[in-house]
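Below is one structure, written out as C-alpha cells, with a few remarks after it.
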Amino acid sequence: MTVPSAGTAGQSPDRPVTVSIHRRIHPDLVPDATRWVQAGVNMANTYPGFLGSGWVRAAKDSHDWHMLYRFADESTLDAWDSSPERVAWLREGQGLVEEQRVERRTGIEGWFDAPARVDEPQISAERAPARWKQSVSIWLGFFPVNLAFTLLMSWAVPSFGELPVLPRVLVTTLVLTPIMTYAVLPWVTRRLAPWLAR
C-alpha cells in the first residue's frame with residue numbers, strides 16, 4: 001500500500017476537499033481492516049479542518065471498499081496527509097488493504113459519487129450527477145429536517161421565534177449542518193442512487 005498522492009491542479013485552496021479512496025480487502029481480513037480504518041478516522045478527527053468520513057463496500061460480495069473523507073481546505077488536508085501519525089498508521093495497514101485509487105474532489109460532488117466495482121467489467125466512467133439532481137437531493141433532505149426542527153423549536157422553546165433573524169438562522173444552521181452532512185444527505189443519496197446515476 002502506498003501513501004495517497006493525487007493531483008490537486010485547479011482546486012481552490014479555501015474550499016472543502018473530499019478525498020475518495022478505493023481499497024480492496026480480503027473477506028477474512030475485514031474485521032482487522034475495519035478496526036484499522038476506524039483508528040485512522042479517530043486520528044483524523046483530532047486534526048483541524050476534519051469534516052467527516054464514510055466507509056462502504058461496493059456490494060455484499062465485493063472485495064472493494066470505498067472511503068470518503070473531507071477536510072475544510074487544501075492546507076488542513078495537506079497537514080493531515082503529511083503528518084507522521086498518518087504515515088505510521090498507513091504503515092500499520094500494510095497487508096490488510098490494497099490501495100487501488102485515490103482522488104481529491106472539491107464541492108459537494110464527492111458525496112454523490114457511486115462506488116464502482118473493479119472486480120466486474122467497467123460499464124461506464126463514474127460521473128457526478130447533474131447539478132439539478134444534486135440540488136433536488138439536497139432539498140429533499142433539507143426541507144423535512146428544517147421543517148421538523150422549526151416545529152420542534154416552536155414547541156420546546158416558544159420564545160425562539162421571537163429572536164432576531166441572525167441568531168435564529170445561526171442556531172438553525174449550526175444544528176442542521178452536521179445532521180445533513182453525517183446522516184441525512186448520505187441517507188438520501190443512497191435512496192436516490194439509481195435516479196442519480198441515470
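Labels for the C-alpha cells follow display order: chains A, B, ..., residues from 1 in each chain, ligands from 1.
Of the residues in region 37-195 of chain A, those that DSSP places in strand (DSSP E or B) on the basis of the backbone are Phe50, Leu51, Gly52, Ser53, Gly54, Trp55, Val56, Arg57, Asp64, Trp65, His66, Met67, Leu68, Tyr69, Arg70, Phe71, Gln94, Val97, Glu98, Glu99, Gln100, Arg101, Val102, Glu103, Arg104, Arg105 and Thr106 of chain A.
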- Query: So what do you get for CA of Leu77 (chain A) versus CA of Gly49 (chain A), distance-wise?
  - Reply: 7.4 Å
- Item | Among listed residues A:Val17, A:Leu51, A:Val145, A:Val157, nearest Ser75 (chain A) (using only C-alpha atoms) |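 Of all the options, A:Val17 lies closest to Ser75 (chain A).
Excluding Arg70 (chain A) itself and any same-chain residue fewer than 5 positions from it, the protein and nucleic acid residues within 7 Å of it, counting only C-alpha atoms, are Pro16, Val17, Thr18, Val19, Phe50, Leu51, Gly52 and Ser53 of chain A.
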- Task: Could you pull out the residues in region 25-168 of chain A that DSSP calls alpha helix (DSSP H) from the backbone, as a PyMOL selection string?
- Result: chain A and resi 30-44+74-81+84-92+131-156+165-168
- Message: Calculated over only C-alpha atoms, which of the candidates A:Arg101, A:Arg15, A:Arg198, A:Arg191 has the smallest distance to Met67 (chain A)?
- Response: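 Selected residue with least distance to Met67 (chain A): A:Arg101.
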- Item | Which residue of A:Asp73, A:Val30, A:Arg168, A:Ser82 approaches Arg57 (chain A) most closely, using only C-alpha atoms |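 Distance minimum relative to Arg57 (chain A) lands on A:Val30.
Straight-line separation from CA of Leu151 (chain A) to CA of Leu185 (chain A): 20.7 Å.
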